[in-house]
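Engineer: Take a look at the following structure, please.
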Amino acid sequence: VLAQAQAKVEWLQLHYFPSAVRKSKLENVTIACTGRGRIRIELKTRATVSESTIATNDEESSEDVVAFPWEQHIQSALKKILVEDLGNMNATELLATIPEVDDSDGRGLADLRSMEKKWSVKIFFDDITKHVFLIGDSKKLEKKCFPIRNMIIHYHWRLSGTDVSFKKG
């Protein structure tokens, strides 16, 4: 649960807050994952500081009092995104094996980041559980993210020592 909440924090930071901050003229947004799958958000405007904790799962609790209008928008955004667990892929080492610039096959970390931006998804490599997560709108994950999954699986196979290239006999 904690890894999935952290993945949602990463998605919010990459795709939600840049435009939300620009539209609402906020000065600063601080977002962090707290225990038990909750997100702590602090928004600063020129005059005030607002702080709140939002549940990242579907369950509601009495602590989740919507005191500020932006909380509804964040909860609405969180309901639309899905965290897909791609499994235990030794995430720390996997991330280190993906070249920053294109490899001989024309792929690399820069290519993954451009696909993240293009489809408004986030790839999250969790150092603690060693899992890789793909976060985004469920329809985009289903229809658009096949190349991202293929590339991650390709590098995972390379890391595990499996040769996935086709050899000409």
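Note on naming: chains are A, B, ... as they come in the structure tokens, residues start from 1 per chain, ligands start from 1 in the order shown.
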Please tabulate, as CSV, the residues of segment 112-159 of chain A that come within 9 Å of segment 15-19 of chain A, each with its closest pair of atoms and the distance in Å to one decimal, counting only C-alpha atoms and ordering rows by chain, then residue number upward.
Structural biologist:
residue,atom,partner,partner_atom,distance
A:Lys117,CA,A:His15,CA,8.0
A:Ser120,CA,A:His15,CA,6.3
A:Val121,CA,A:His15,CA,7.7
A:Lys122,CA,A:His15,CA,8.4
Engineer: What's around Thr92 of chain A at 8 Å? Count only C-alpha atoms, leave out sequence neighbours fewer than 3 positions away in its own chain, and write the answer as a list in words.
Structural biologist: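 What passes the distance filter is Leu95, Ala96, Phe125, Asp126, Asp127 and Lys130 of chain A.
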Engineer: Let me see the file: selected residues, C-alpha atoms, as an mmCIF file, in the first residue's frame.
Structural biologist:
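Below you can see result04.cif, which holds the result:
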data_model
loop_
_atom_site.group_PDB
_atom_site.id
_atom_site.type_symbol
_atom_site.label_atom_id
_atom_site.label_comp_id
_atom_site.auth_asym_id
_atom_site.auth_seq_id
_atom_site.Cartn_x
_atom_site.Cartn_y
_atom_site.Cartn_z
ATOM 1 C CA LEU A 95 16.724 1.355 -13.482
ATOM 2 C CA ALA A 96 20.529 1.349 -13.422
ATOM 3 C CA PHE A 125 10.734 2.053 -9.605
ATOM 4 C CA ASP A 126 10.275 1.166 -5.915
ATOM 5 C CA ASP A 127 13.588 0.631 -4.117
ATOM 6 C CA LYS A 130 11.825 -3.941 -5.859
#
